[in-house]
Structures are given as C-alpha cells and as structure tokens.
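Q: Just so it is clear, I am handing over protein_33.cif, which has mmCIF, C-alpha atoms.
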```
data_input
#
loop_
_atom_site.label_atom_id
_atom_site.label_comp_id
_atom_site.auth_asym_id
_atom_site.auth_seq_id
_atom_site.Cartn_x
_atom_site.Cartn_y
_atom_site.Cartn_z
CA MET H 1 24.56 2.41 -16.45
CA ASP H 2 23.02 3.24 -19.80
CA ASP H 3 24.37 6.53 -21.22
CA GLN H 4 21.09 7.21 -23.00
CA PRO H 5 18.36 8.74 -20.79
CA VAL H 6 15.74 6.14 -19.98
CA LEU H 7 12.78 8.43 -19.33
CA GLU H 8 11.20 10.71 -21.89
CA THR H 9 10.98 14.34 -20.83
CA ARG H 10 8.18 15.60 -23.11
CA PHE H 11 5.71 12.85 -22.22
CA ASN H 12 5.45 9.90 -19.84
CA GLY H 13 7.36 7.01 -21.35
CA LEU H 14 10.61 5.16 -21.84
CA THR H 15 13.01 6.29 -24.54
CA HIS H 16 13.94 2.71 -25.39
CA ALA H 17 13.28 -0.86 -24.32
CA VAL H 18 14.90 -1.82 -21.00
CA PRO H 19 15.26 -5.19 -19.23
CA SER H 20 12.89 -6.10 -16.45
CA LEU H 21 13.91 -7.70 -13.18
CA PRO H 22 15.43 -11.20 -13.33
CA ALA H 23 12.85 -13.98 -13.39
CA SER H 24 14.59 -15.61 -10.42
CA TRP H 25 13.53 -12.65 -8.25
CA TYR H 26 9.95 -13.90 -8.54
CA LEU H 27 10.73 -17.55 -7.80
CA ASP H 28 13.74 -17.97 -5.53
CA ALA H 29 13.09 -18.49 -1.81
CA ASP H 30 16.40 -16.98 -0.73
CA HIS H 31 15.76 -13.84 -2.77
CA HIS H 32 12.26 -13.61 -1.33
CA ALA H 33 13.72 -13.73 2.18
CA ARG H 34 16.14 -10.98 1.20
CA GLU H 35 13.25 -8.77 0.05
CA MET H 36 11.43 -9.37 3.32
CA ARG H 37 14.51 -8.22 5.26
CA GLU H 38 15.72 -5.36 3.09
CA ILE H 39 12.48 -3.99 1.65
CA TRP H 40 9.61 -4.91 3.93
CA GLY H 41 11.84 -4.63 6.98
CA HIS H 42 12.67 -0.96 6.28
CA THR H 43 9.53 0.57 4.73
CA TRP H 44 6.19 1.81 6.03
CA VAL H 45 3.57 -0.94 5.99
CA TYR H 46 -0.17 -0.37 6.29
CA LEU H 47 -1.71 -2.41 9.11
CA CYS H 48 -5.25 -1.28 9.93
CA ARG H 49 -7.70 1.56 10.35
CA ALA H 50 -7.51 3.55 13.58
CA GLU H 51 -11.10 2.56 14.35
CA GLU H 52 -9.82 -1.00 14.83
CA LEU H 53 -7.36 0.15 17.50
CA GLU H 54 -9.43 2.66 19.39
CA GLY H 55 -9.22 3.92 22.95
CA PRO H 56 -6.68 3.72 25.81
CA ARG H 57 -4.93 0.33 26.25
CA ALA H 58 -6.40 -1.13 23.04
CA PHE H 59 -3.98 -3.53 21.34
CA ARG H 60 -3.66 -5.61 18.17
CA ARG H 61 -1.13 -8.19 17.05
CA PHE H 62 0.30 -8.23 13.50
CA ASP H 63 2.84 -10.02 11.35
CA VAL H 64 5.07 -7.85 9.16
CA ALA H 65 7.44 -9.72 6.85
CA GLY H 66 7.45 -12.66 9.25
CA GLN H 67 8.10 -10.47 12.30
CA PRO H 68 5.70 -10.44 15.29
CA ILE H 69 4.45 -6.92 16.02
CA LEU H 70 2.33 -5.52 18.86
CA LEU H 71 0.51 -2.21 18.39
CA LEU H 72 -1.25 -0.54 21.30
CA ARG H 73 -2.59 2.70 22.70
CA ASP H 74 -1.12 4.01 25.93
CA GLY H 75 -3.28 5.43 28.72
CA ASP H 76 -3.70 8.66 26.74
CA GLY H 77 -4.56 6.86 23.51
CA VAL H 78 -1.18 7.53 21.88
CA LEU H 79 -0.10 4.84 19.40
CA LYS H 80 2.91 2.67 20.35
CA GLY H 81 4.59 -0.19 18.55
CA PHE H 82 6.89 -2.99 19.70
CA PHE H 83 8.15 -6.35 18.58
CA ASN H 84 5.80 -8.84 20.24
CA THR H 85 8.71 -10.49 22.05
CA CYS H 86 9.58 -10.64 25.75
CA ARG H 87 13.14 -9.56 26.53
CA HIS H 88 13.62 -12.46 28.97
CA ARG H 89 13.94 -15.47 26.68
CA GLY H 90 11.99 -14.36 23.65
CA SER H 91 8.49 -15.66 24.34
CA VAL H 92 5.55 -14.18 22.50
CA LEU H 93 4.51 -11.37 24.77
CA CYS H 94 0.88 -11.02 23.75
CA PRO H 95 -0.75 -14.14 22.21
CA GLN H 96 -4.22 -12.58 21.84
CA ALA H 97 -5.06 -11.18 18.42
CA ALA H 98 -6.68 -8.04 19.81
CA GLY H 99 -8.28 -6.63 22.92
CA VAL H 100 -8.00 -4.06 25.66
CA LEU H 101 -5.46 -4.34 28.47
CA LYS H 102 -7.01 -4.35 31.96
CA LYS H 103 -4.24 -2.13 33.33
CA ASP H 104 -1.23 -0.16 32.13
CA LEU H 105 0.99 -3.22 31.98
CA ILE H 106 1.88 -5.83 29.36
CA THR H 107 2.64 -9.08 31.19
CA CYS H 108 4.39 -12.01 29.54
CA PRO H 109 2.25 -15.16 29.88
CA TYR H 110 5.36 -17.36 30.28
CA HIS H 111 7.44 -16.00 33.19
CA GLN H 112 5.44 -12.91 34.13
CA TRP H 113 7.86 -10.20 33.11
CA ALA H 114 5.80 -6.99 33.00
CA TYR H 115 6.30 -3.84 30.92
CA ASP H 116 4.59 -0.48 31.09
CA LEU H 117 3.00 1.02 27.98
CA THR H 118 6.19 2.90 27.09
CA GLY H 119 7.95 -0.49 26.85
CA ARG H 120 9.96 -0.12 30.05
CA LEU H 121 10.49 -3.30 32.08
CA ARG H 122 8.78 -2.89 35.44
CA ALA H 123 8.84 -6.36 37.01
CA THR H 124 10.46 -9.76 36.47
CA GLY H 125 7.84 -12.00 38.04
CA PRO H 126 9.01 -14.39 40.77
CA MET H 127 12.68 -14.08 39.85
CA ARG H 128 15.11 -13.04 42.58
CA PRO H 129 17.44 -10.06 42.09
CA VAL H 130 20.75 -11.06 40.52
CA ASP H 131 24.05 -9.26 40.02
CA GLY H 132 24.67 -7.91 36.53
CA PHE H 133 21.00 -7.36 35.68
CA ASP H 134 19.42 -3.92 35.24
CA ARG H 135 15.79 -3.58 34.20
CA ASP H 136 16.58 -0.43 32.25
CA ASP H 137 18.72 -2.51 29.89
CA HIS H 138 15.79 -4.69 28.82
CA PRO H 139 12.91 -2.58 27.47
CA LEU H 140 10.63 -3.82 24.72
CA LEU H 141 12.14 -3.48 21.26
CA PRO H 142 10.36 -0.62 19.43
CA VAL H 143 9.05 -0.31 15.90
CA ALA H 144 8.18 3.01 14.29
CA VAL H 145 4.46 3.81 14.04
CA ALA H 146 2.44 6.50 12.31
CA GLU H 147 -1.15 7.55 11.75
CA TRP H 148 -2.44 9.48 8.77
CA GLY H 149 -6.07 10.04 7.89
CA GLY H 150 -7.20 7.24 10.18
CA PHE H 151 -4.72 4.79 8.61
CA VAL H 152 -2.19 3.07 10.89
CA PHE H 153 1.28 2.24 9.59
CA ALA H 154 4.35 0.58 11.10
CA ASN H 155 8.00 0.34 10.12
CA LEU H 156 10.20 -2.40 11.58
CA ASP H 157 13.09 0.04 11.45
CA ALA H 158 12.69 2.14 14.59
CA GLU H 159 15.04 4.76 13.09
CA ALA H 160 13.10 5.06 9.82
CA GLU H 161 12.48 8.42 8.20
CA PRO H 162 9.13 9.69 9.51
CA PHE H 163 6.05 8.81 7.49
CA LYS H 164 5.07 12.46 7.07
CA ALA H 165 8.48 13.40 5.71
CA LEU H 166 8.25 10.69 3.05
CA TYR H 167 4.60 10.98 2.07
CA GLY H 168 3.47 14.46 3.09
CA ALA H 169 3.61 15.83 -0.46
CA GLU H 170 1.70 12.89 -1.89
CA THR H 171 -1.03 12.90 0.73
CA ALA H 172 -1.55 16.64 0.17
CA TYR H 173 -3.33 15.82 -3.11
CA VAL H 174 -6.17 14.21 -1.16
CA ALA H 175 -6.27 16.69 1.72
CA ASN H 176 -9.98 17.46 1.12
CA TRP H 177 -11.12 13.89 1.71
CA PRO H 178 -12.47 13.48 5.30
CA LEU H 179 -10.41 10.34 5.82
CA GLU H 180 -10.46 10.26 9.61
CA ASP H 181 -14.26 10.39 9.63
CA LEU H 182 -14.72 7.41 7.31
CA ARG H 183 -15.56 3.92 8.54
CA ILE H 184 -15.15 0.45 7.05
CA GLY H 185 -18.29 -0.67 5.27
CA HIS H 186 -17.04 -3.75 3.43
CA ARG H 187 -13.99 -6.01 3.18
CA PHE H 188 -12.64 -8.38 0.54
CA SER H 189 -9.54 -10.59 0.62
CA LYS H 190 -8.11 -13.26 -1.61
CA GLN H 191 -4.88 -15.21 -1.89
CA LEU H 192 -3.18 -15.16 -5.29
CA ASP H 193 -0.65 -17.55 -6.76
CA CYS H 194 1.85 -14.87 -7.73
CA ASN H 195 4.78 -12.89 -6.40
CA TRP H 196 3.89 -9.62 -4.68
CA LYS H 197 5.90 -7.60 -7.22
CA ILE H 198 3.74 -8.88 -10.08
CA PHE H 199 0.66 -7.32 -8.52
CA TRP H 200 2.42 -3.95 -8.29
CA GLU H 201 3.65 -4.23 -11.89
CA ASN H 202 0.09 -4.85 -13.02
CA TYR H 203 -1.07 -1.83 -11.03
CA ASN H 204 1.56 0.35 -12.70
CA GLU H 205 0.53 -0.13 -16.33
CA CYS H 206 -2.63 -0.18 -18.40
CA LEU H 207 -1.42 -2.07 -21.44
CA HIS H 208 -3.51 -4.93 -20.08
CA CYS H 209 -6.65 -2.84 -19.51
CA PRO H 210 -8.46 -3.17 -22.86
CA ASN H 211 -8.10 -6.95 -22.80
CA ILE H 212 -8.53 -7.62 -19.06
CA HIS H 213 -10.87 -4.82 -17.89
CA PRO H 214 -13.62 -4.08 -20.44
CA GLU H 215 -15.97 -2.73 -17.75
CA LEU H 216 -13.30 -0.45 -16.28
CA CYS H 217 -12.33 0.83 -19.72
CA GLU H 218 -15.96 1.71 -20.38
CA LEU H 219 -16.00 3.72 -17.13
CA VAL H 220 -12.56 5.34 -17.56
CA PRO H 221 -12.19 5.70 -21.35
CA ILE H 222 -8.50 6.60 -21.35
CA TYR H 223 -7.76 3.11 -20.00
CA GLY H 224 -9.28 1.72 -23.18
CA ARG H 225 -6.38 3.36 -25.03
CA ALA H 226 -3.96 1.23 -22.95
CA ILE H 227 -2.62 4.31 -21.14
CA MET H 228 -3.28 5.76 -17.70
CA ALA H 229 -2.94 9.53 -17.99
CA ARG H 230 -3.02 12.37 -20.50
CA ARG H 231 0.76 12.69 -20.73
CA ASP H 232 1.22 8.98 -21.46
CA ASP H 233 0.26 9.91 -25.04
CA PRO H 234 3.29 11.22 -27.00
CA GLU H 235 0.90 13.61 -28.78
CA TRP H 236 -0.78 14.90 -25.60
CA GLU H 237 0.16 18.54 -26.30
CA ALA H 238 -2.14 18.60 -29.31
CA HIS H 239 -5.15 18.17 -27.01
CA ALA H 240 -3.76 19.57 -23.75
CA ASN H 241 -6.90 21.64 -23.09
CA ASP H 242 -9.44 19.05 -24.22
CA ASP H 243 -11.33 17.62 -21.23
CA ALA H 244 -12.87 14.71 -23.14
CA PRO H 245 -12.58 11.67 -20.82
CA HIS H 246 -10.62 9.55 -23.30
CA LEU H 247 -7.99 12.31 -23.37
CA SER H 248 -8.08 13.73 -19.84
CA GLY H 249 -8.40 10.52 -17.84
CA GLY H 250 -11.73 11.41 -16.23
CA LEU H 251 -14.79 9.21 -15.94
CA ARG H 252 -17.10 8.72 -18.90
CA THR H 253 -19.67 11.45 -19.44
CA GLY H 254 -22.43 11.14 -16.86
CA ALA H 255 -20.49 8.89 -14.49
CA GLU H 256 -19.77 10.06 -10.94
CA THR H 257 -17.71 7.32 -9.33
CA TRP H 258 -16.31 3.81 -9.68
CA SER H 259 -19.43 1.66 -9.46
CA MET H 260 -21.39 -0.79 -11.59
CA ASP H 261 -23.48 1.96 -13.18
CA GLY H 262 -21.16 4.91 -12.55
CA ALA H 263 -23.65 6.43 -10.11
CA ALA H 264 -22.44 7.73 -6.74
CA GLN H 265 -24.15 7.26 -3.38
CA GLY H 266 -23.66 10.96 -2.65
CA ARG H 267 -20.65 13.18 -2.16
CA LEU H 268 -18.18 13.14 0.68
CA PRO H 269 -18.14 16.38 2.67
CA GLY H 270 -15.30 18.78 1.96
CA LEU H 271 -14.59 17.74 -1.63
CA SER H 272 -14.17 20.40 -4.28
CA ASP H 273 -15.58 20.20 -7.80
CA ASP H 274 -12.04 19.51 -9.05
CA ASP H 275 -11.71 16.61 -6.60
CA VAL H 276 -14.90 15.05 -7.91
CA ALA H 277 -14.10 15.77 -11.54
CA SER H 278 -10.81 13.89 -11.31
CA GLY H 279 -12.76 10.61 -11.04
CA GLN H 280 -10.02 8.93 -9.06
CA ARG H 281 -6.94 9.95 -7.11
CA TYR H 282 -4.41 7.58 -5.63
CA VAL H 283 -2.03 7.58 -2.71
CA THR H 284 0.55 4.81 -2.99
CA VAL H 285 2.61 3.72 0.00
CA MET H 286 5.03 1.21 -1.40
CA PRO H 287 5.22 -1.73 -0.89
CA SER H 288 2.08 -2.45 1.09
CA VAL H 289 -0.94 -0.42 -0.04
CA PHE H 290 -2.59 1.89 -2.50
CA ILE H 291 -5.57 4.02 -1.52
CA ALA H 292 -8.09 5.06 -4.17
CA HIS H 293 -10.14 8.20 -3.52
CA HIS H 294 -13.51 8.73 -5.18
CA ALA H 295 -16.42 11.14 -4.85
CA ASP H 296 -18.40 9.02 -2.38
CA TYR H 297 -15.93 6.56 -0.85
CA VAL H 298 -12.31 5.53 -0.42
CA ARG H 299 -10.88 2.07 -1.06
CA THR H 300 -7.67 0.52 0.23
CA VAL H 301 -5.88 -2.38 -1.43
CA ARG H 302 -3.24 -3.98 0.77
CA ILE H 303 -0.58 -6.36 -0.54
CA THR H 304 0.85 -9.04 1.78
CA PRO H 305 3.63 -11.40 0.56
CA LEU H 306 3.18 -14.99 1.72
CA ALA H 307 5.83 -16.85 -0.31
CA PRO H 308 7.88 -16.26 -3.47
CA ASP H 309 4.88 -17.29 -5.56
CA ARG H 310 1.99 -16.42 -3.24
CA MET H 311 0.46 -13.24 -1.83
CA GLU H 312 -2.79 -11.89 -0.44
CA ILE H 313 -4.77 -8.83 -1.46
CA SER H 314 -7.06 -7.28 1.14
CA SER H 315 -9.42 -4.44 0.34
CA GLU H 316 -11.50 -2.14 2.52
CA TRP H 317 -14.26 0.22 1.36
CA LEU H 318 -14.55 3.31 3.55
CA PHE H 319 -17.73 5.38 3.70
CA HIS H 320 -18.97 8.31 5.73
CA PRO H 321 -21.27 7.05 8.53
CA GLU H 322 -23.99 9.52 7.55
CA MET H 323 -23.92 8.19 3.99
CA MET H 324 -24.27 4.59 5.15
CA ALA H 325 -27.26 5.61 7.29
CA GLN H 326 -29.15 7.15 4.36
CA PRO H 327 -32.28 5.33 3.14
CA GLY H 328 -31.55 3.47 -0.06
CA PHE H 329 -27.80 3.32 0.49
CA ASP H 330 -26.51 0.44 -1.65
CA MET H 331 -22.80 -0.24 -1.32
CA THR H 332 -22.97 -3.40 -3.43
CA ARG H 333 -23.01 -1.33 -6.64
CA ILE H 334 -19.62 0.00 -5.53
CA THR H 335 -18.08 -3.08 -3.94
CA ASP H 336 -19.16 -5.43 -6.75
CA PHE H 337 -17.44 -3.25 -9.34
CA ALA H 338 -14.06 -3.02 -7.60
CA THR H 339 -14.19 -6.70 -6.67
CA LEU H 340 -14.69 -7.55 -10.35
CA VAL H 341 -11.66 -5.43 -11.28
CA MET H 342 -9.51 -7.03 -8.56
CA GLU H 343 -10.59 -10.53 -9.61
CA GLN H 344 -9.60 -9.71 -13.19
CA ASP H 345 -6.25 -8.34 -12.04
CA GLY H 346 -5.66 -11.36 -9.85
CA ALA H 347 -6.26 -13.79 -12.70
CA ALA H 348 -3.85 -11.83 -14.93
CA CYS H 349 -1.19 -11.80 -12.22
CA GLU H 350 -1.47 -15.56 -11.73
CA LEU H 351 -1.12 -16.02 -15.49
CA ASN H 352 2.05 -13.94 -15.38
CA GLN H 353 3.53 -15.94 -12.50
CA ALA H 354 2.73 -19.28 -14.12
CA GLY H 355 4.85 -18.45 -17.15
CA LEU H 356 7.89 -17.28 -15.22
CA GLY H 357 8.89 -20.83 -14.37
CA ALA H 358 10.01 -21.61 -17.91
CA ARG H 359 13.72 -22.34 -17.50
CA ALA H 360 14.58 -20.69 -20.82
CA PHE H 361 13.03 -17.39 -19.67
CA THR H 362 15.51 -15.43 -17.58
CA GLN H 363 14.38 -11.82 -17.96
CA GLY H 364 11.66 -9.80 -19.64
CA VAL H 365 11.64 -6.44 -21.40
CA LEU H 366 9.77 -3.19 -20.74
CA MET H 367 8.24 -1.13 -23.54
CA GLN H 368 7.62 2.62 -23.86
CA GLU H 369 4.31 2.67 -21.94
CA GLU H 370 5.72 0.72 -19.01
CA TYR H 371 7.59 3.66 -17.50
CA GLU H 372 5.97 3.23 -14.10
CA VAL H 373 6.87 -0.46 -14.04
CA PHE H 374 10.42 0.65 -14.75
CA LEU H 375 10.29 3.18 -11.89
CA PHE H 376 8.99 0.44 -9.59
CA HIS H 377 11.87 -1.82 -10.64
CA GLU H 378 14.34 1.00 -9.98
CA TRP H 379 12.83 1.40 -6.52
CA ILE H 380 13.27 -2.33 -5.88
CA ARG H 381 16.89 -2.18 -7.02
CA ARG H 382 17.60 0.78 -4.74
CA GLN H 383 16.02 -0.89 -1.74
CA LEU H 384 18.20 -3.94 -2.31
CA GLY H 385 21.37 -1.93 -2.93
CA GLU H 386 21.57 -3.19 -6.51
CA PRO H 387 22.81 -1.11 -9.48
CA THR H 388 20.08 0.90 -11.16
CA LEU H 389 19.60 1.39 -14.89
CA SER H 390 19.29 5.16 -14.79
CA ASP H 391 20.51 8.13 -12.85
CA GLY H 392 17.95 10.25 -11.05
CA ALA H 393 14.83 8.27 -11.99
CA ALA H 394 13.08 8.95 -8.71
CA PRO H 395 10.34 6.42 -7.90
CA SER H 396 8.15 9.24 -6.59
CA ARG H 397 7.32 10.15 -10.20
CA ALA H 398 5.03 7.13 -10.36
CA SER H 399 3.23 8.24 -7.23
CA ARG H 400 2.77 11.80 -8.50
CA ARG H 401 1.07 10.57 -11.65
CA ARG H 402 -1.60 8.73 -9.71
CA VAL H 403 -2.54 11.63 -7.43
CA MET H 404 -1.87 14.51 -9.84
CA PRO H 405 -4.81 16.91 -10.30
CA GLN H 406 -6.63 15.97 -13.48
CA SER H 407 -5.94 19.29 -15.14
CA ASP H 408 -2.21 18.60 -14.90
CA GLN H 409 -2.27 15.07 -16.32
#
```
Just give me the structure of the file as structure tokens.
A:
Amino acid sequence: MDDQPVLETRFNGLTHAVPSLPASWYLDADHHAREMREIWGHTWVYLCRAEELEGPRAFRRFDVAGQPILLLRDGDGVLKGFFNTCRHRGSVLCPQAAGVLKKDLITCPYHQWAYDLTGRLRATGPMRPVDGFDRDDHPLLPVAVAEWGGFVFANLDAEAEPFKALYGAETAYVANWPLEDLRIGHRFSKQLDCNWKIFWENYNECLHCPNIHPELCELVPIYGRAIMARRDDPEWEAHANDDAPHLSGGLRTGAETWSMDGAAQGRLPGLSDDDVASGQRYVTVMPSVFIAHHADYVRTVRITPLAPDRMEISSEWLFHPEMMAQPGFDMTRITDFATLVMEQDGAACELNQAGLGARAFTQGVLMQEEYEVFLFHEWIRRQLGEPTLSDGAAPSRASRRRVMPQSDQ
C-alpha cells in the first residue's frame, strides 16, 4: 500500500500517477473466467424493463456471465428468479426465450418434473416413488431479483445484499423522474472488439472527449476542457458560484437535452427546475449498466461481456407514452445523437484494446484526471480479493459524482 494518499481532498483528482490494471487482465481467458465468477456472479446485473416481463406467469430467459437464468412472475405478478436448470439431471428447464405459462407450473421438457412458481418441486413425471428421495430437498435454485423504477435486476448470489441497500442513496438523486411510467421507444446494440472493463474506463474519464466527441463537447462545454465536473478543476473554488456551462457542467446556453440540436421533445412530468438545469444525471449499477436521465427521456446503456476481447453494448431510450403520442414527436433527433456518441466511444475502446496485445506493454499509468478510472480499478481489485492501492477509496465516490446535483459539482 502506498503511504501517500492517492485521492486529492480539495478537488477531484489523483495526488500522483498510479499504475493501471495489468494488461493481462484484458486478454487472458482464465482471468476473464475469474471475473465472470467473482464479479459478475456476485453483483446486480440489469436484465430488462418490467414492461417486457408483465403480468402473472410471464417469463423470460437470460444468460448472466454464462449462467442460464429464468425470470418469471408468480400468480400475483411478483418477480421470481431461478437458475434455468431442472434439479433432476440438469436439463434446461425452460427452452423458450419468453412467454406466458399456461398454468402455475414450470414443467421440464425432458422428464416432466414440475415446479410451482415458488420453485418447489411438485411432481416427478412418470417416475415411481423411491426410498431416499424427498421432493422438498430438490427445489429450483434461486437467484436474487429486484425491481427499481421499472428496471429489473438479478444477482446470481441468492444471499446478496439487497439492491435497495446498495443503491438507495444513488437512486435518490433521480427520484423525480417518473421511471416506472416510461416505455421503450428505441433500441440500439453493437458488439465491440474490446474487454468490458475498457468501456467502463472510457465512461469514467473525459480526457478523450475533446478529441473523440466534438459534438458532445459542443453540447456540454465542460467536456471540452477534458474534465467531467466542476470539482475536477483544481481551481474550481475560484468560480464556485459561476453557473457558466463550461464551469458548472450544464448544457450549453439554450440547450435543453442531449439531442442533435439540443432541443427537447417536452419535459417529463414531476421534474423540478434543478433536475432540468443539471442537463444530465447518472445512476451507475456496476458492472452492467449506466442510466442517463435527461429532461425529456432516459437512456440505458448495458454492458455484456462476451469474451476477454469482446463485449456488447445495448441501449434503450425510454419516453413517456404521452410524449410519444404528441404530434410532431421526433425521437430520431435524440437517438441519433446518443448513437453517434456511443459509436465514437466504441471505436476508441477498440483502439485501446488493439494496442494492449503488445508483449512489451504490461501495465499502464493513470494521471491526475483519471481518478474515477482509479476508483473503478479499486472496485475491480476488491471484487477479486486483490490488494488495493489505497485505504478507504470507496468506489461509490465515482457514482456520486455522476448523479450529484449540479449546484454541488
């Protein structure tokens, strides 16, 4: 452990250069498998919107870190989650991608073992009773599930700390957004030739913004300074009360939202003037999703690892149904802008991955502005049980910066 504090206390930054994660952690198949087990196997992962799993006995099948998962609603519409595996000999229990069960039973298509919607084994098909077997000993294997704001999450660890306990403080910053009322208006997905951690590193710094995102920097002027928030500037106290966008982090003068022309399609009900003035607020649920909140819509960006050097990003744009029904509603001005930004980020991430294969390169270095990348790396180290580089550098600091009220940034 370094005896010198790593994080500045007067502003957001690192006190000195620190090493990044080993290059092998972005390339090695065995390490990738370890991350799937130890990180993705014990954290909350975003799966879908509640509208895609609606009503009693509705079900959907998912893959989380290579594990088959079945999510369903019981007869009262309560969300349940199980490994999609029959307790007899391990067959896939539900091969259909999605649907609605005809009755309150999940029946294995192989040998007809049947489970009720609590996961309890109710029947074993044509098999005769046999000594030493008790149905109560063979329920479906549960996974933890949670719903927040119409978002559905799962955790492979059935004993995981509840979602609300972990993220309640962060989600409070966007409490005015009518998330449960929003509906999916557009989707975008793309596979990238990069490790999933590279995408998160890119998300957690804006050193790349002036070069990679000229359109975004024009909309959010502070990004053009290669920083993300007011307190990223060591001299922020000199202009602490100046609300100029290039200092505060707000949108350019006259802009209302993230769109091609900065114009909004309206205003979501329930938002305060401060909510709108912030320009953007983020909720980050590591490692699977960040959710961007704007005046007229909400956007999710989900990260799915596919291999050590391959991942997928999937984005959803959520709008209020009444807004989408308005004459002249044009979501393309919004979706085209964010798609452009994601395409730019994707190209940069692939460039990063391509260089990591140089055998002489074993580890990078983080500079002052990359404090959130450092906090992300510390989070990774903690999840893997590896030594950290600092004491008390809580990864939640990164999350607070992205959802902090604008006046406090």
Q: Would you pick out the contacts of H:Lys190 at 7 Å or less, using all atoms listed in the file, so that residues sharing its chain but fewer than 5 positions from it are not included, and give the list as a PyMOL selection string?
A: chain H and resi 312-314
Q: Which residues would end up in the selection if the PyMOL selection byres ((chain H and resi 99-101) around 6) were applied here, given that I need the answer as a list in words?
A: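 So the PyMOL selection byres ((chain H and resi 99-101) around 6), applied here, picks out Arg57, Ala58, Phe59, Ala98, Lys102 and Lys103 of chain H.
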Q: Restrict the selected residues to C-alpha atoms and save them as a PDB file, in the frame of the given file.
A:
```pdb
ATOM      1  CA  ARG H  57      -4.930   0.330  26.250  1.00  0.00           C
ATOM      2  CA  ALA H  58      -6.400  -1.130  23.040  1.00  0.00           C
ATOM      3  CA  PHE H  59      -3.980  -3.530  21.340  1.00  0.00           C
ATOM      4  CA  ALA H  98      -6.680  -8.040  19.810  1.00  0.00           C
ATOM      5  CA  LYS H 102      -7.010  -4.350  31.960  1.00  0.00           C
ATOM      6  CA  LYS H 103      -4.240  -2.130  33.330  1.00  0.00           C
TER       7      LYS H 103
END
```
Q: Exactly which residues make up the result of the PyMOL selection byres ((chain H and resi 149) around 12) on this file, given as a PyMOL selection string?
A: chain H and resi 48-51+146-148+150-153+164+168+171-172+174-183+283+291+298+318
Q: With 12 Å as the cut-off and only C-alpha atoms counted, what is the closest atom pair between each nearby residue of stretch 99-212 of chain H and stretch 19-36 of chain H? Distances in Å to one decimal, ordered by chain and number, as a tab-separated table.
A:
```
residue	atom	partner	partner_atom	distance
H:Leu156	CA	H:Met36	CA	10.9
H:Asp193	CA	H:Tyr26	CA	11.4
H:Cys194	CA	H:Tyr26	CA	8.2
H:Asn195	CA	H:Tyr26	CA	5.7
H:Trp196	CA	H:Tyr26	CA	8.4
H:Lys197	CA	H:Tyr26	CA	7.6
H:Ile198	CA	H:Tyr26	CA	8.1
H:Phe199	CA	H:Tyr26	CA	11.4
H:Glu201	CA	H:Ser20	CA	10.5
```
Q: Write out the residues from the selection above, keeping C-alpha atoms, as a compact mmCIF listing (two decimals), in the frame of the given file.
A:
```
# COMPACT_ATOMS: atom_id res chain seq x y z
CA LEU H 156 10.20 -2.40 11.58
CA ASP H 193 -0.65 -17.55 -6.76
CA CYS H 194 1.85 -14.87 -7.73
CA ASN H 195 4.78 -12.89 -6.40
CA TRP H 196 3.89 -9.62 -4.68
CA LYS H 197 5.90 -7.60 -7.22
CA ILE H 198 3.74 -8.88 -10.08
CA PHE H 199 0.66 -7.32 -8.52
CA GLU H 201 3.65 -4.23 -11.89
```
Q: I'd like the residues picked by the PyMOL selection byres ((chain H and resi 249) around 9) written out as a PyMOL selection string, using the chain letters and numbers from the file.
A: chain H and resi 220-223+228-230+243-248+250-252+278-279+406+409
Q: Could you state the separation of atom CA of H:Phe374 and atom CA of H:Glu8 in Å, given to one decimal place?
A: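 Taking atom CA of H:Phe374 as the start and atom CA of H:Glu8 as the end point, the length is 12.4 Å.
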Q: Taking only C-alpha atoms into account, name the residue in H:Glu52, H:Glu235, H:Glu322, H:Asp309 that is nearest to H:Leu192.
A: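 The shortest atom-to-atom distance to H:Leu192 comes from H:Asp309.
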Q: At a cut-off of 8 Å, using only C-alpha atoms, what residues contact H:Tyr297? Leave out same-chain residues fewer than 4 positions from it and give the result as JSON, numbers by chain.
A: {"H": [268, 293, 317, 318, 319, 320]}
